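Peer 1: So that we are looking at the same thing, I have put the structure below in structure tokens.
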Amino acid sequence: MYDIIGDIHGHADKLEELLKKLGYSKKKKEFSHSERKVIFVGDYINRGPKIPETLEIVRNMVESKNAIALMGNHEYHAICFHTKKEKGGYLRKHTIKNILQHYKTIKQFEHDQDGYDETISWFKTLPLFFENENFRVVHACWDDDKINFFKSLTAHKLDHQLITDSTNEDLPAFNAFEITLKGKDLVLPLSERFSDKYGDHTSIRVKWWVDAHHSTFKELCIDPLPGLKDDAVIGGEQLSASRYKEEYKPVFFGHYALEGKPKILRSNICCLDYSVAKEGPMVAYKYDGEKVLDNSKLISV
């Protein structure tokens, strides 16, 4: 019996409220449940007001074996942001955009350099997925080829070489990390590209469980982009071949900052990120081994 919790982004107060609503109680420093265990989908840092406090809750639960914490793209980016290249610079460039993304986390650790460095080291120990005989959990996208890449690795944590390889677009590690932690994109044909208040759109983030052959661009796009045409998808053959099918195990993930009332996306597809960083709810699913997911088991605060 597991409770899978979506993106947190430094909102420790909401996390505590959600854990209590799920029936967990705090004893000494960690939350625990007599019968259940938490799986966190990743993205513990950036954006929110209580990042060290969030990490303390998550880490204490992991260390007391009351939770499993997966890596999110924000933890991965933090690792790369602070990992130096052999020839100078960092694996994640220190551009203004990237500095601003990490600013809140760095600022909240400004008087604890050792604690911050140790946190980055802890991020490197986080698994990129969870799977048992009944269900799967990943931060952004379950693609069998990419998951099998990680399964083939013998190391129990990210070593320097793998982290370095993951930033090289010519190596398999790059796509494995990109898709697992950030999802799949589809480049739009020139005739479909457009601009709106959200910026210029040359690609879309796609629902990787939908058959692209029988979808329009609007149906396939995860994000609500009003200017996107409702035309049949062009060039979706690879997406269709690797899509997450209806007969597969239930899979849980976060990452996509959905809006509105939390709901099951398909009988075996459940996103648990409903924009907590933008004043949306923090969401969990109470999983008890069912093959068909149930909206009534979504819990939010």
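Here's how to read the names in the structure tokens: chain A, B, ... by the order shown, residue numbers from 1 in each chain, ligand numbers from 1 in the order shown.
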I'd like the neighbourhood of A:Leu265 as an MDAnalysis selection string, where a residue qualifies if any of its atoms comes within 12 Å (using only C-alpha atoms), though same-chain residues fewer than 3 positions away should be ignored.
Peer 2: chainID A and resid 207:210 222 246 250:253 258 261:262 268:272 292:295 298
Peer 1: Go ahead and dump the residues you just picked, C-alpha atoms, as a compact mmCIF listing (two decimals), in the first residue's frame.
Peer 2:
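To be explicit, this is the file written out as selection_22.txt:
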# COMPACT_ATOMS: atom_id res chain seq x y z
CA LYS A 207 0.81 12.99 -24.01
CA TRP A 208 3.15 10.03 -24.41
CA TRP A 209 0.32 7.56 -23.78
CA VAL A 210 -1.85 8.75 -26.69
CA ILE A 222 -0.25 18.33 -22.71
CA GLU A 246 -3.77 0.73 -22.19
CA PRO A 250 -0.63 1.82 -13.95
CA VAL A 251 2.01 4.55 -14.06
CA PHE A 252 2.24 7.64 -11.84
CA PHE A 253 4.24 10.78 -12.60
CA LEU A 258 -1.62 20.61 -14.87
CA LYS A 261 -9.42 19.55 -10.55
CA PRO A 262 -7.08 16.54 -10.21
CA ASN A 268 -3.67 3.41 -16.06
CA ILE A 269 -2.30 6.98 -16.34
CA CYS A 270 -2.08 9.40 -13.42
CA CYS A 271 -0.30 12.76 -13.26
CA LEU A 272 0.13 14.14 -9.74
CA VAL A 292 -7.85 0.38 -12.91
CA LEU A 293 -7.17 3.73 -11.25
CA ASP A 294 -9.96 5.53 -9.42
CA ASN A 295 -10.55 9.29 -9.11
CA LEU A 298 -6.82 11.18 -5.41
Peer 1: Compile the contact shell of stretch 236-239 of chain A as a ChimeraX atom specification: residues with an atom at most 9 Å away, counting only C-alpha atoms, same-chain residues fewer than 4 positions apart removed.
Peer 2: /A:184,186,206,208-213,243
Peer 1: Let me make sure I understand: among A:Lys93, A:Lys37, A:Lys245, A:Lys28, which one has the smallest atom-to-atom distance to A:Tyr2 if we use only C-alpha atoms?
Peer 2: A:Lys37
Peer 1: Just give me the gap between atom CA of A:Asp143 and atom CA of A:Gly183 in Å, one decimal is fine.
Peer 2: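 Between atom CA of A:Asp143 and atom CA of A:Gly183 the gap works out to 9.2 Å.
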Peer 1: Name the closest residue to A:Asp144 among the candidates A:Ser242, A:Thr125, A:Ser64, A:Ser166; distances are taken between atoms, counting only C-alpha atoms.
Peer 2: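 Closest to A:Asp144, using only C-alpha atoms: A:Ser242.
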Peer 1: Identify all residues of stretch 172-290 of chain A in alpha helix (DSSP H) (DSSP on the backbone) and supply them as a CSV table (one decimal) with C-alpha atoms, in the first residue's frame.
Peer 2:
chain,number,residue,atom,x,y,z
A,172,PRO,CA,22.4,7.6,-25.3
A,173,ALA,CA,22.4,9.0,-21.8
A,174,PHE,CA,21.3,12.4,-23.0
A,175,ASN,CA,17.9,11.2,-24.4
A,176,ALA,CA,17.5,8.8,-21.5
A,177,PHE,CA,17.6,11.6,-19.0
A,178,GLU,CA,15.7,14.1,-21.1
A,179,ILE,CA,12.7,11.9,-21.8
A,180,THR,CA,12.6,10.3,-18.3
A,181,LEU,CA,12.8,13.6,-16.4
A,182,LYS,CA,11.2,16.0,-18.9
A,217,PHE,CA,-2.0,18.4,-32.4
A,218,LYS,CA,-4.4,19.9,-29.8
A,219,GLU,CA,-5.4,16.5,-28.5
A,220,LEU,CA,-1.8,15.3,-28.2
A,237,GLU,CA,5.1,7.5,-36.1
A,238,GLN,CA,7.9,7.2,-33.5
A,239,LEU,CA,5.6,8.6,-30.7
A,240,SER,CA,2.9,6.0,-31.6
A,241,ALA,CA,5.4,3.1,-31.6
